[in-house]
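Content type compact mmCIF, C-alpha atoms, from the file entry_6.txt:
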# COMPACT_ATOMS: atom_id res chain seq x y z
CA MET K 1 248.93 71.31 -78.71
CA LEU K 2 250.96 73.44 -76.35
CA TYR K 3 248.30 73.39 -73.69
CA ALA K 4 248.24 69.58 -73.86
CA ASN K 5 251.91 69.56 -72.81
CA ALA K 6 250.95 70.66 -69.31
CA PHE K 7 248.60 67.70 -68.96
CA ILE K 8 251.24 65.29 -70.27
CA PHE K 9 253.52 66.69 -67.56
CA THR K 10 250.95 65.88 -64.86
CA VAL K 11 250.54 62.37 -66.31
CA LEU K 12 254.32 61.94 -65.95
CA PHE K 13 253.92 62.95 -62.30
CA LEU K 14 251.36 60.16 -61.94
CA VAL K 15 253.69 57.61 -63.57
CA VAL K 16 256.75 58.58 -61.53
CA GLY K 17 254.67 58.94 -58.36
CA MET K 18 253.44 55.36 -58.81
CA ALA K 19 256.87 54.04 -59.81
CA LEU K 20 258.50 55.18 -56.56
CA PRO K 21 256.30 53.26 -54.07
CA ILE K 22 255.99 50.23 -56.35
CA GLY K 23 259.74 50.18 -56.94
CA ALA K 24 260.55 50.62 -53.27
CA LEU K 25 257.91 48.23 -51.90
CA ALA K 26 257.71 45.48 -54.52
CA VAL K 27 261.14 45.48 -56.21
CA LEU K 28 263.79 46.85 -53.86
CA GLY K 29 262.09 45.97 -50.57
CA PRO K 30 261.99 42.16 -50.83
CA LEU K 31 265.74 42.12 -51.54
CA LEU K 32 266.58 44.07 -48.39
CA ARG K 33 264.08 43.13 -45.73
CA PRO K 34 263.61 39.85 -43.88
CA ASN K 35 260.35 37.92 -44.26
CA ARG K 36 259.71 35.60 -41.34
CA PRO K 37 256.04 35.90 -40.37
CA SER K 38 254.83 34.13 -37.24
CA ALA K 39 251.45 33.83 -35.56
CA GLY K 40 252.47 36.38 -32.93
CA LYS K 41 253.61 38.93 -35.48
CA THR K 42 250.62 38.70 -37.77
CA ALA K 43 248.09 38.89 -34.94
CA THR K 44 246.02 42.07 -34.81
CA TYR K 45 247.48 44.60 -32.39
CA GLU K 46 245.27 45.39 -29.42
CA SER K 47 247.60 46.77 -26.75
CA GLY K 48 249.14 43.37 -26.06
CA VAL K 49 245.97 41.42 -25.27
CA GLU K 50 244.16 38.89 -27.45
CA PRO K 51 241.97 40.78 -29.93
CA VAL K 52 238.28 40.61 -29.07
CA GLY K 53 235.86 40.20 -31.95
CA ASP K 54 236.11 41.76 -35.38
CA ALA K 55 237.02 45.42 -35.92
CA ARG K 56 234.42 45.85 -38.64
CA ALA K 57 231.55 46.45 -36.28
CA ARG K 58 228.87 49.09 -36.68
CA TYR K 59 229.88 52.67 -36.10
CA ASN K 60 228.24 55.97 -35.38
CA VAL K 61 225.62 57.17 -37.87
CA ARG K 62 227.04 60.71 -37.53
CA TYR K 63 229.74 59.82 -40.03
CA TYR K 64 227.11 59.22 -42.73
CA LEU K 65 225.35 62.48 -41.97
CA TYR K 66 228.61 64.41 -42.28
CA ALA K 67 229.42 62.57 -45.51
CA LEU K 68 226.02 63.54 -46.96
CA LEU K 69 226.46 67.16 -45.92
CA PHE K 70 229.93 67.14 -47.44
CA VAL K 71 228.67 65.89 -50.80
CA VAL K 72 226.03 68.63 -50.92
CA PHE K 73 228.39 71.43 -49.96
CA ASP K 74 231.29 70.24 -52.11
CA VAL K 75 229.15 70.26 -55.23
CA GLU K 76 227.89 73.74 -54.35
CA ILE K 77 231.45 75.01 -53.95
CA LEU K 78 232.22 73.69 -57.41
CA PHE K 79 229.51 75.99 -58.80
CA LEU K 80 231.21 78.96 -57.12
CA TYR K 81 234.54 78.40 -58.91
CA PRO K 82 233.55 79.34 -62.48
CA TRP K 83 231.63 82.29 -61.08
CA ALA K 84 234.73 83.48 -59.17
CA VAL K 85 236.92 83.21 -62.29
CA GLU K 86 234.51 85.30 -64.36
CA TYR K 87 233.54 87.67 -61.56
CA HIS K 88 235.20 90.75 -63.11
CA HIS K 89 233.06 90.45 -66.24
CA LEU K 90 229.77 89.73 -64.50
CA GLY K 91 229.49 92.89 -62.40
CA LEU K 92 226.41 93.63 -60.30
CA PHE K 93 224.29 90.98 -62.01
CA GLY K 94 226.76 88.21 -61.13
CA PHE K 95 227.04 89.51 -57.59
CA THR K 96 223.30 89.50 -56.87
CA GLU K 97 222.87 86.09 -58.48
CA MET K 98 225.57 84.67 -56.27
CA ILE K 99 224.15 86.34 -53.16
CA VAL K 100 220.93 84.45 -53.84
CA PHE K 101 222.89 81.22 -54.25
CA ILE K 102 224.93 81.75 -51.06
CA VAL K 103 221.78 82.64 -49.08
CA LEU K 104 220.19 79.37 -50.20
CA LEU K 105 223.36 77.55 -49.16
CA THR K 106 223.30 79.25 -45.76
CA VAL K 107 219.65 78.31 -45.30
CA GLY K 108 220.64 74.68 -45.84
CA LEU K 109 223.41 75.02 -43.28
CA ILE K 110 221.08 76.64 -40.74
CA TYR K 111 218.54 73.86 -41.32
CA ALA K 112 221.17 71.21 -40.60
CA TRP K 113 222.26 73.22 -37.56
CA ARG K 114 218.74 73.49 -36.15
CA LYS K 115 218.10 69.78 -36.82
CA LYS K 116 221.16 69.10 -34.63
CA VAL K 117 222.99 67.29 -37.43
CA LEU K 118 226.12 69.23 -36.51
CA GLU K 119 226.12 68.07 -32.88
CA TRP K 120 228.73 65.38 -32.25
CA ASN K 121 227.94 63.18 -29.28
CA MET C 1 265.07 70.67 -74.02
CA PHE C 2 263.62 72.12 -70.82
CA SER C 3 261.53 74.78 -72.54
CA TRP C 4 258.82 72.21 -73.19
CA GLN C 5 256.00 74.59 -72.34
CA ALA C 6 256.18 76.36 -75.69
CA THR C 7 257.22 73.62 -78.08
CA PRO C 8 255.24 70.82 -79.71
CA LEU C 9 255.73 67.42 -78.18
CA ARG C 10 258.78 65.51 -79.47
CA PRO C 11 260.67 62.60 -77.90
CA LEU C 12 263.36 65.01 -76.70
CA THR C 13 260.84 67.31 -74.98
CA LEU C 14 259.22 64.28 -73.39
CA LEU C 15 262.64 63.30 -72.04
CA GLY C 16 263.08 66.84 -70.75
CA MET C 17 259.75 66.60 -68.96
CA LEU C 18 260.66 63.23 -67.46
CA ILE C 19 263.97 64.62 -66.18
CA GLY C 20 262.03 67.55 -64.72
CA VAL C 21 259.66 65.20 -62.87
CA VAL C 22 262.54 63.11 -61.51
CA VAL C 23 264.34 66.27 -60.37
CA VAL C 24 261.18 67.38 -58.52
CA LEU C 25 260.91 63.92 -56.92
CA ALA C 26 264.56 63.97 -55.79
CA LEU C 27 264.16 67.52 -54.43
CA VAL C 28 260.98 66.59 -52.59
CA LEU C 29 262.56 63.52 -51.00
CA GLY C 30 265.45 65.70 -49.84
CA ILE C 31 263.10 68.40 -48.57
CA VAL C 32 261.00 65.87 -46.64
CA THR C 33 264.10 64.31 -45.06
CA TYR C 34 265.21 67.66 -43.69
CA LEU C 35 261.66 68.78 -42.91
CA ILE C 36 261.45 65.97 -40.35
CA TYR C 37 264.86 66.91 -38.94
CA PHE C 38 263.83 70.58 -38.86
CA GLU C 39 260.57 69.76 -37.07
CA ARG C 40 262.29 67.66 -34.42
CA LYS C 41 264.97 70.30 -33.90
CA VAL C 42 262.50 73.22 -33.71
CA ILE C 43 260.14 71.45 -31.34
CA GLY C 44 263.11 70.29 -29.29
CA TRP C 45 264.31 73.88 -28.87
CA MET C 46 260.81 75.12 -28.07
CA GLN C 47 260.56 72.52 -25.32
CA GLY C 48 264.03 73.32 -23.95
CA ARG C 49 265.62 70.17 -25.38
CA ILE C 50 268.43 69.78 -27.90
CA GLY C 51 266.68 67.53 -30.41
CA PRO C 52 268.45 64.93 -32.56
CA ASN C 53 272.23 65.42 -32.36
CA ARG C 54 273.84 61.97 -32.53
CA VAL C 55 273.80 60.76 -36.16
CA GLY C 56 276.20 62.82 -38.26
CA PRO C 57 277.26 66.40 -37.51
CA LEU C 58 274.49 68.22 -35.54
CA GLY C 59 272.31 65.15 -36.08
CA LEU C 60 271.90 66.04 -39.75
CA LEU C 61 271.82 62.40 -40.86
CA GLN C 62 269.14 61.36 -38.34
CA SER C 63 266.28 61.20 -40.89
CA VAL C 64 268.50 59.39 -43.41
CA ALA C 65 269.26 56.77 -40.76
CA ASP C 66 265.54 56.49 -39.94
CA VAL C 67 264.63 55.89 -43.58
CA LEU C 68 267.36 53.26 -44.02
CA LYS C 69 266.22 51.52 -40.86
CA LEU C 70 262.61 51.43 -42.10
CA LEU C 71 263.76 50.08 -45.48
CA ILE C 72 265.33 46.97 -43.92
CA LYS C 73 262.47 46.29 -41.47
CA GLU C 74 260.14 43.38 -42.02
CA ASP C 75 256.88 44.18 -43.79
CA ILE C 76 254.26 42.57 -41.55
CA ILE C 77 250.79 41.94 -42.98
CA PRO C 78 248.23 41.04 -40.29
CA ALA C 79 246.52 37.68 -40.82
CA ASN C 80 243.06 39.23 -40.48
CA ALA C 81 243.75 42.12 -42.85
CA ASP C 82 242.23 42.58 -46.27
CA ARG C 83 245.48 41.81 -48.05
CA ALA C 84 245.02 43.58 -51.40
CA LEU C 85 243.67 46.81 -49.89
CA PHE C 86 246.28 46.71 -47.13
CA LEU C 87 249.10 46.56 -49.68
CA LEU C 88 247.59 49.20 -51.96
CA ALA C 89 246.64 51.85 -49.37
CA PRO C 90 250.08 53.50 -48.89
CA VAL C 91 250.49 53.83 -52.66
CA ILE C 92 247.07 55.48 -53.01
CA ALA C 93 247.87 57.84 -50.14
CA PHE C 94 251.24 58.82 -51.61
CA VAL C 95 250.54 59.29 -55.34
CA PRO C 96 248.20 62.33 -55.06
CA SER C 97 250.53 63.99 -52.57
CA PHE C 98 253.25 63.91 -55.21
CA MET C 99 250.95 64.78 -58.12
CA VAL C 100 249.79 68.06 -56.58
CA LEU C 101 253.37 69.32 -56.82
CA ALA C 102 253.02 69.43 -60.62
CA VAL C 103 251.17 72.75 -60.59
CA ILE C 104 253.16 74.69 -57.97
CA PRO C 105 255.17 77.48 -59.63
CA TYR C 106 258.55 77.25 -57.88
CA THR C 107 260.48 79.77 -59.99
CA ALA C 108 259.82 82.60 -62.40
CA SER C 109 260.83 80.41 -65.36
CA HIS C 110 258.59 77.52 -64.22
CA ILE C 111 260.52 74.70 -65.82
CA PHE C 112 259.11 72.27 -63.28
CA THR C 113 255.53 73.56 -63.39
CA ALA C 114 252.57 72.43 -65.42
CA ASN C 115 251.02 75.73 -66.47
CA LEU C 116 247.44 74.42 -66.11
CA ASN C 117 244.48 76.78 -66.46
CA VAL C 118 242.74 74.78 -63.73
CA GLY C 119 245.81 74.56 -61.47
CA LEU C 120 244.09 75.41 -58.20
CA LEU C 121 241.15 73.11 -58.89
CA TYR C 122 243.61 70.35 -59.81
CA TYR C 123 245.35 70.76 -56.46
CA ILE C 124 242.17 70.72 -54.39
CA ALA C 125 240.66 67.81 -56.33
CA LEU C 126 243.76 65.63 -56.06
CA SER C 127 244.56 66.39 -52.45
CA SER C 128 241.15 65.04 -51.43
CA LEU C 129 242.00 61.67 -53.01
CA THR C 130 244.39 60.95 -50.14
CA ILE C 131 241.36 60.43 -47.86
CA LEU C 132 240.65 57.32 -49.93
CA GLY C 133 244.05 55.82 -49.07
CA ILE C 134 243.59 56.64 -45.39
CA VAL C 135 240.12 55.08 -45.16
CA MET C 136 241.38 52.05 -47.08
CA ALA C 137 244.25 51.64 -44.63
CA GLY C 138 241.94 51.94 -41.64
CA TRP C 139 239.43 49.48 -43.04
CA ALA C 140 241.89 46.93 -44.42
CA SER C 141 243.91 46.67 -41.20
CA ASN C 142 240.94 45.11 -39.39
CA ASN C 143 242.13 46.76 -36.20
CA LYS C 144 239.87 48.79 -33.93
CA TYR C 145 242.33 51.64 -33.51
CA SER C 146 242.94 51.81 -37.24
CA LEU C 147 239.27 51.82 -38.13
CA LEU C 148 238.51 54.55 -35.58
CA GLY C 149 241.47 56.57 -36.82
CA GLY C 150 240.45 56.12 -40.45
CA MET C 151 236.83 57.13 -39.78
CA ARG C 152 237.85 60.16 -37.72
CA SER C 153 240.31 61.13 -40.38
CA ALA C 154 237.74 60.90 -43.15
CA ALA C 155 235.15 62.90 -41.18
CA GLN C 156 237.70 65.57 -40.32
CA MET C 157 239.25 65.87 -43.77
CA ILE C 158 235.95 66.11 -45.64
CA SER C 159 234.65 68.65 -43.12
CA TYR C 160 237.69 70.91 -43.44
CA GLU C 161 237.90 70.54 -47.19
CA ILE C 162 234.85 72.78 -47.59
CA PRO C 163 236.33 75.79 -45.74
CA LEU C 164 239.61 75.16 -47.59
CA GLY C 165 237.83 75.28 -50.94
CA LEU C 166 235.85 78.39 -49.92
CA SER C 167 238.81 80.30 -48.48
CA VAL C 168 240.70 80.35 -51.78
CA LEU C 169 237.66 81.69 -53.68
CA GLY C 170 238.50 85.27 -52.71
CA VAL C 171 241.92 84.91 -54.32
CA VAL C 172 240.34 83.47 -57.47
CA MET C 173 237.92 86.42 -57.59
CA LEU C 174 240.72 88.98 -57.28
CA ALA C 175 242.99 87.29 -59.81
CA GLY C 176 240.20 86.14 -62.15
CA SER C 177 242.01 82.88 -62.79
CA LEU C 178 242.61 79.41 -61.39
CA ASN C 179 246.06 79.30 -62.97
CA LEU C 180 248.62 79.51 -60.16
CA VAL C 181 251.19 81.22 -62.41
CA THR C 182 248.67 83.93 -63.32
CA ILE C 183 247.73 84.35 -59.64
CA VAL C 184 251.40 85.03 -58.77
CA GLN C 185 251.77 87.48 -61.66
CA HIS C 186 248.62 89.31 -60.57
CA GLN C 187 250.01 89.80 -57.08
CA ALA C 188 253.07 91.55 -58.53
CA THR C 189 250.88 94.14 -60.30
CA ASP C 190 247.85 94.35 -58.01
CA ARG C 191 247.47 97.58 -56.04
CA PHE C 192 247.16 95.71 -52.73
CA GLY C 193 250.30 93.68 -53.35
CA TRP C 194 250.27 90.22 -51.81
CA TYR C 195 246.79 88.76 -51.43
CA ILE C 196 247.36 88.19 -47.71
CA ILE C 197 246.40 91.87 -47.24
CA PRO C 198 243.00 92.03 -49.01
CA GLN C 199 242.34 88.35 -48.22
CA ILE C 200 243.40 88.23 -44.58
CA ILE C 201 240.19 86.42 -43.56
CA GLY C 202 240.69 83.93 -46.37
CA PHE C 203 244.30 83.39 -45.29
CA VAL C 204 243.38 82.68 -41.67
CA VAL C 205 240.63 80.24 -42.70
CA PHE C 206 243.02 78.63 -45.20
CA MET C 207 245.74 78.07 -42.61
CA ILE C 208 243.34 76.58 -40.04
CA ALA C 209 241.76 74.31 -42.64
CA ALA C 210 245.23 73.35 -43.90
CA LEU C 211 246.28 72.29 -40.40
CA ALA C 212 243.20 70.09 -40.19
CA GLU C 213 243.74 68.64 -43.68
CA LEU C 214 247.28 67.73 -42.68
CA ASN C 215 246.02 66.02 -39.49
CA ARG C 216 248.44 68.15 -37.51
CA THR C 217 248.12 69.51 -33.98
CA PRO C 218 245.69 70.89 -32.77
CA PHE C 219 243.66 68.74 -35.20
CA ASP C 220 245.65 65.51 -34.85
CA LEU C 221 242.81 63.38 -33.43
CA PRO C 222 243.06 60.75 -36.18
CA GLU C 223 246.65 60.06 -35.19
CA ALA C 224 246.39 60.65 -31.47
CA GLU C 225 249.26 58.49 -30.21
CA SER C 226 248.05 58.40 -26.65
CA GLU C 227 244.54 57.13 -27.43
CA LEU C 228 244.59 55.54 -30.89
CA VAL C 229 248.19 54.27 -31.20
CA ALA C 230 248.81 56.38 -34.33
CA GLY C 231 245.35 55.70 -35.80
CA TYR C 232 245.00 54.41 -39.33
CA PHE C 233 248.58 53.13 -39.66
CA THR C 234 248.80 51.20 -36.39
CA GLU C 235 249.26 47.90 -38.25
CA TYR C 236 251.75 49.21 -40.80
CA SER C 237 255.44 48.54 -40.44
CA GLY C 238 258.62 49.07 -42.38
CA PHE C 239 258.50 50.91 -45.66
CA ARG C 240 254.73 50.92 -45.98
CA PHE C 241 254.59 52.96 -42.79
CA ALA C 242 257.32 55.17 -44.26
CA PHE C 243 255.13 55.95 -47.27
CA PHE C 244 252.32 57.22 -45.04
CA MET C 245 254.78 59.46 -43.23
CA LEU C 246 256.27 60.54 -46.54
CA SER C 247 252.92 61.54 -47.99
CA GLU C 248 252.10 63.48 -44.83
CA TYR C 249 255.29 65.49 -45.02
CA VAL C 250 255.01 66.00 -48.77
CA TYR C 251 251.62 67.56 -48.02
CA VAL C 252 253.19 69.81 -45.38
CA PHE C 253 255.52 71.10 -48.08
CA ALA C 254 252.82 71.23 -50.75
CA ILE C 255 250.27 73.16 -48.70
CA SER C 256 252.94 75.61 -47.54
CA ALA C 257 253.96 76.09 -51.17
CA LEU C 258 250.31 76.63 -52.10
CA ALA C 259 249.84 79.19 -49.30
CA THR C 260 252.98 80.98 -50.53
CA THR C 261 251.65 81.00 -54.08
CA LEU C 262 248.15 82.18 -53.22
CA PHE C 263 248.75 84.65 -50.42
CA LEU C 264 252.45 85.59 -50.19
CA GLY C 265 253.24 86.52 -53.76
CA GLY C 266 254.84 83.22 -54.78
CA TRP C 267 258.31 83.47 -56.28
CA ALA C 268 258.18 87.27 -56.72
CA GLY C 269 260.53 89.49 -54.73
CA PRO C 270 263.36 91.97 -55.19
CA PHE C 271 267.15 91.31 -55.50
CA LEU C 272 267.25 87.59 -54.69
CA PRO C 273 266.65 84.87 -57.31
CA SER C 274 263.04 83.73 -57.61
CA TRP C 275 263.57 80.18 -56.26
CA LEU C 276 265.22 81.60 -53.15
CA TRP C 277 262.26 83.90 -52.47
CA PHE C 278 259.96 80.93 -52.88
CA ALA C 279 262.08 78.86 -50.49
CA ILE C 280 262.17 81.64 -47.86
CA LYS C 281 258.40 82.21 -47.89
CA THR C 282 257.59 78.49 -47.89
CA SER C 283 260.01 77.89 -45.00
CA ALA C 284 258.31 80.65 -43.02
CA ILE C 285 254.92 78.94 -43.44
CA ILE C 286 256.39 75.53 -42.57
CA PHE C 287 257.98 77.02 -39.46
CA PHE C 288 254.58 78.41 -38.51
CA LEU C 289 253.00 74.93 -38.81
CA PHE C 290 255.69 73.46 -36.52
CA TRP C 291 255.34 76.35 -34.10
CA VAL C 292 251.60 75.69 -33.81
CA ARG C 293 252.33 72.05 -33.04
CA ALA C 294 254.62 73.03 -30.17
CA THR C 295 252.08 75.53 -28.81
CA MET C 296 248.57 74.11 -29.06
CA PRO C 297 246.95 71.22 -27.18
CA ARG C 298 244.77 68.70 -29.03
CA MET C 299 241.11 69.63 -29.61
CA ARG C 300 238.15 67.49 -28.59
CA GLY C 301 236.26 65.58 -31.28
CA ASP C 302 232.98 67.47 -30.98
CA GLN C 303 234.77 70.84 -30.87
CA LEU C 304 236.65 69.88 -34.00
CA MET C 305 233.58 69.11 -36.10
CA SER C 306 231.44 71.99 -34.89
CA PHE C 307 234.32 74.41 -35.43
CA ALA C 308 234.48 73.48 -39.11
CA TRP C 309 230.74 73.70 -39.76
CA LYS C 310 229.64 76.44 -37.37
CA VAL C 311 232.59 78.82 -37.55
CA LEU C 312 234.87 78.27 -40.54
CA ILE C 313 232.25 77.70 -43.26
CA PRO C 314 230.11 80.76 -42.34
CA VAL C 315 233.26 82.91 -42.05
CA ALA C 316 234.55 81.67 -45.41
CA LEU C 317 231.16 82.32 -47.07
CA PHE C 318 231.13 85.81 -45.54
CA ASN C 319 234.61 86.37 -46.96
CA VAL C 320 233.39 85.49 -50.46
CA VAL C 321 230.48 87.95 -50.19
CA LEU C 322 232.73 90.65 -48.69
CA THR C 323 235.34 90.26 -51.44
CA GLY C 324 232.60 90.44 -54.07
CA ALA C 325 231.06 93.58 -52.55
CA LEU C 326 234.41 95.34 -52.08
CA SER C 327 235.64 94.68 -55.61
CA LEU C 328 232.25 95.85 -56.91
CA ILE C 329 232.63 99.18 -55.09
CA GLY C 330 236.34 99.86 -55.60

Using the file provided, produce a representation of the structure as structure tokens.
Amino acid sequence: MLYANAFIFTVLFLVVGMALPIGALAVLGPLLRPNRPSAGKTATYESGVEPVGDARARYNVRYYLYALLFVVFDVEILFLYPWAVEYHHLGLFGFTEMIVFIVLLTVGLIYAWRKKVLEWN
Amino acid sequence: MFSWQATPLRPLTLLGMLIGVVVVLALVLGIVTYLIYFERKVIGWMQGRIGPNRVGPLGLLQSVADVLKLLIKEDIIPANADRALFLLAPVIAFVPSFMVLAVIPYTASHIFTANLNVGLLYYIALSSLTILGIVMAGWASNNKYSLLGGMRSAAQMISYEIPLGLSVLGVVMLAGSLNLVTIVQHQATDRFGWYIIPQIIGFVVFMIAALAELNRTPFDLPEAESELVAGYFTEYSGFRFAFFMLSEYVYVFAISALATTLFLGGWAGPFLPSWLWFAIKTSAIIFFLFWVRATMPRMRGDQLMSFAWKVLIPVALFNVVLTGALSLIG
């Protein structure tokens, strides 16, 4: 019951945090700001020249590789958190287990390194 | 009414909570207003200029004037933009930046703090949601600069999130808790004192990763004015633009507050009231962030990515192993 209060507090942060931008942008804003769109204003900005083509072209495959690496490593970090919280109780056993885990993680990083995934060009 | 932490939920306690949240919001808006003024003044002095000094005494009302000006500016939506995503992106970028403030223990009585057992995890999980708003803004604008800025931003923020998450692990191991209040209390009784001393490697990695997460110099490639015209918010104008700036500066405050909590002993300190200690330590970290901006040049894209993966992550992993070994011995 008491512990739930803290979560209700964070939910209130969500509600108020959403109320501010919605109130300022959708309620208060239209009353204060002008709204006179023209073709020149709503054109895509490209340093003052006519925009060429669509922006949603293909982009570098590196971004996908980094995203994949991120997913792998982020999940592995999540496994380290409960271990870190309980570290005092686990002692030598917990330490050796985690050394094994971190070594495996490092092997993955070295593999990506040697495969030149980490090179940005 | 404000001691809602220890009482069952009633309408009056809910009202107390709501007032607490609104007080935090008002404080944060005030802090951000003067953070921008402070940054411009500090960087002005470091570059041998005076900085803003026209609006109000000493230029103190400069940021207020800027906000009012943005509020009455037209809200332009590009014809080629994805309208729904374009309108939603600033809201999605702002909400998590405000929500992370729920778990920061500002004072010893923590009236304005959710005493969550998973506080640190809550912070790290929510702060990564902002990337979604940034990528949405870059994609929805249908502008080449915006898309490049959004993609760079996403790549940079996800890369530096891993060292950020690893660097705080040492603190968690020493304190044995993810609760930020407990971490502060541990630092008051721990034999090493503030965790910046036993966790100096973690602190350095944390600060570098924090600079990158904030898209600040020397890691400000996503917003490089001179090459990308401000990156993912090129097409934004008026108050929508203001919300991107707001969320950025709320994060400056939030990450400084988190660094204070984790490494500098939080609110604890002799003689002065706890909130004042918290304010002093947080201001010191914020000043450091501004100082770095005035000192460092911008990094190159390839240096940026390889620095995260080839230097910071191995160092942070080493720090975890070292902390484990040392606390096993001593």

Chain K near chain C within 8 Å: what's each residue's closest atom pair and its distance in Å to one decimal, counting only C-alpha atoms, ordered by chain then ascending residue number, as a tab-separated table?
residue	atom	partner	partner_atom	distance
K:Met1	CA	C:Pro8	CA	6.4
K:Leu2	CA	C:Ala6	CA	6.0
K:Tyr3	CA	C:Leu116	CA	7.7
K:Asn5	CA	C:Gln5	CA	6.5
K:Ala6	CA	C:Ala114	CA	4.6
K:Phe7	CA	C:Ala114	CA	7.1
K:Phe9	CA	C:Ala114	CA	6.2
K:Thr10	CA	C:Ala102	CA	5.9
K:Leu12	CA	C:Leu18	CA	6.6
K:Phe13	CA	C:Met99	CA	5.4
K:Leu14	CA	C:Met99	CA	6.0
K:Val16	CA	C:Val22	CA	7.4
K:Gly17	CA	C:Val95	CA	5.1
K:Met18	CA	C:Val95	CA	6.0
K:Pro21	CA	C:Val91	CA	6.0
K:Ile22	CA	C:Val91	CA	7.5
K:Ala24	CA	C:Phe239	CA	7.9
K:Leu25	CA	C:Phe239	CA	6.8
K:Gly29	CA	C:Leu71	CA	6.8
K:Leu32	CA	C:Ile72	CA	5.5
K:Arg33	CA	C:Ile72	CA	4.4
K:Pro34	CA	C:Glu74	CA	5.3
K:Asn35	CA	C:Glu74	CA	5.9
K:Arg36	CA	C:Glu74	CA	7.8
K:Pro37	CA	C:Ile76	CA	7.0
K:Lys41	CA	C:Ile76	CA	7.1
K:Thr42	CA	C:Pro78	CA	4.2
K:Ala43	CA	C:Pro78	CA	5.8
K:Thr44	CA	C:Pro78	CA	6.0
K:Tyr45	CA	C:Asn143	CA	6.9
K:Glu46	CA	C:Asn143	CA	7.6
K:Asp54	CA	C:Asn142	CA	7.1
K:Ala55	CA	C:Lys144	CA	4.8
K:Arg56	CA	C:Asn142	CA	6.6
K:Tyr63	CA	C:Ala155	CA	6.3
K:Tyr66	CA	C:Ala155	CA	6.8
K:Ala67	CA	C:Ala155	CA	7.2
K:Phe70	CA	C:Ile158	CA	6.4
K:Phe73	CA	C:Ile162	CA	7.0
K:Asp74	CA	C:Ile162	CA	6.3
K:Ile77	CA	C:Leu166	CA	6.9
K:Leu80	CA	C:Leu169	CA	7.8
K:Tyr81	CA	C:Leu169	CA	6.9
K:Ala84	CA	C:Met173	CA	4.6
K:Val85	CA	C:Gly176	CA	4.4
K:Glu86	CA	C:Gly176	CA	6.2
K:Tyr87	CA	C:Met173	CA	6.0
K:His88	CA	C:Gly176	CA	6.9
K:Gly91	CA	C:Leu328	CA	6.8
K:Leu92	CA	C:Leu328	CA	7.1
K:Phe95	CA	C:Gly324	CA	6.6
K:Ile99	CA	C:Val321	CA	7.2
K:Ile102	CA	C:Leu317	CA	7.4
K:Thr106	CA	C:Pro314	CA	7.8
K:Leu118	CA	C:Ser306	CA	6.2
K:Glu119	CA	C:Ser306	CA	6.9
K:Trp120	CA	C:Asp302	CA	4.9
K:Asn121	CA	C:Asp302	CA	6.8

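For the pair atom CA of K:Arg62 and atom CA of C:Asn215, the separation is 19.8 Å.
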
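We find atom CA of K:Val72 and atom CA of C:Ala209 to be spaced 18.7 Å apart.
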
Nearest residue to C:Leu214 from the set C:Ile200, C:Ala137, C:Leu262, C:Ile131 (distances using all atoms listed in the file): C:Ile131

Selection: 10 Å around C:Ser109, all atoms listed in the file, excl. self and same-chain fewer than 3 positions, as an mmCIF file with C-alpha atoms, in the frame of the given file:
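Output file selection.cif follows:
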data_model
loop_
_atom_site.group_PDB
_atom_site.id
_atom_site.type_symbol
_atom_site.label_atom_id
_atom_site.label_comp_id
_atom_site.auth_asym_id
_atom_site.auth_seq_id
_atom_site.Cartn_x
_atom_site.Cartn_y
_atom_site.Cartn_z
ATOM 1 C CA SER C 3 261.530 74.780 -72.540
ATOM 2 C CA PRO C 105 255.170 77.480 -59.630
ATOM 3 C CA TYR C 106 258.550 77.250 -57.880
ATOM 4 C CA PHE C 112 259.110 72.270 -63.280
ATOM 5 C CA THR C 113 255.530 73.560 -63.390
ATOM 6 C CA TRP C 267 258.310 83.470 -56.280
ATOM 7 C CA SER C 274 263.040 83.730 -57.610
ATOM 8 C CA TRP C 275 263.570 80.180 -56.260
#

Residue nearest C:Arg298 among C:Phe278, C:Ser237, C:Ala212, C:Ser256 (counting all atoms listed in the file): C:Ala212

Atomic distance atom CA of C:Arg216 - atom CA of C:Leu264, expressed in Å with one decimal: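 Here the two named atoms are 21.9 Å from each other.
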
Distance criterion (all atoms listed in the file): nearest to C:Val64 out of C:Tyr37, C:Phe203, C:Tyr195, C:Trp45: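 Checking each of C:Tyr37, C:Phe203, C:Tyr195, C:Trp45 against C:Val64, counting all atoms listed in the file, the winner is C:Tyr37.
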
Selection: 12 Å around C:Phe38, only C-alpha atoms, excl. self and same-chain fewer than 3 positions, as a VMD selection string: chain C and resid 31 to 35 41 to 45 50 to 53 58 to 63 249 283 286 to 287 289 to 291

Around all the atoms of stretch 22-34 of chain K listed in the file, draw an axis-aligned box and extend it by 3 Å on each of the six sides; I want its centre and edge lengths in Å to one decimal, as lines of an AutoDock Vina configuration file.
center_x = 261.3
center_y = 45.2
center_z = -50.4
size_x = 16.6
size_y = 16.8
size_z = 19.1

Pick from K:Phe79, K:Ala39, K:Ser47, K:Val11, whichever lies nearest to K:Phe101 using all atoms listed in the file: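 Ranked by minimum distance to K:Phe101, first place goes to K:Phe79.
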
Among the residues C:Pro11, C:Val55, C:Ala93, C:Gly30, the one that comes closest to C:Leu126 [using all atoms listed in the file]: C:Ala93

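Considering the residues C:Ala259, C:Ala268, C:Leu12, C:Val28 and counting all atoms listed in the file, C:Gln187 has its shortest atom-to-atom contact with C:Ala268.
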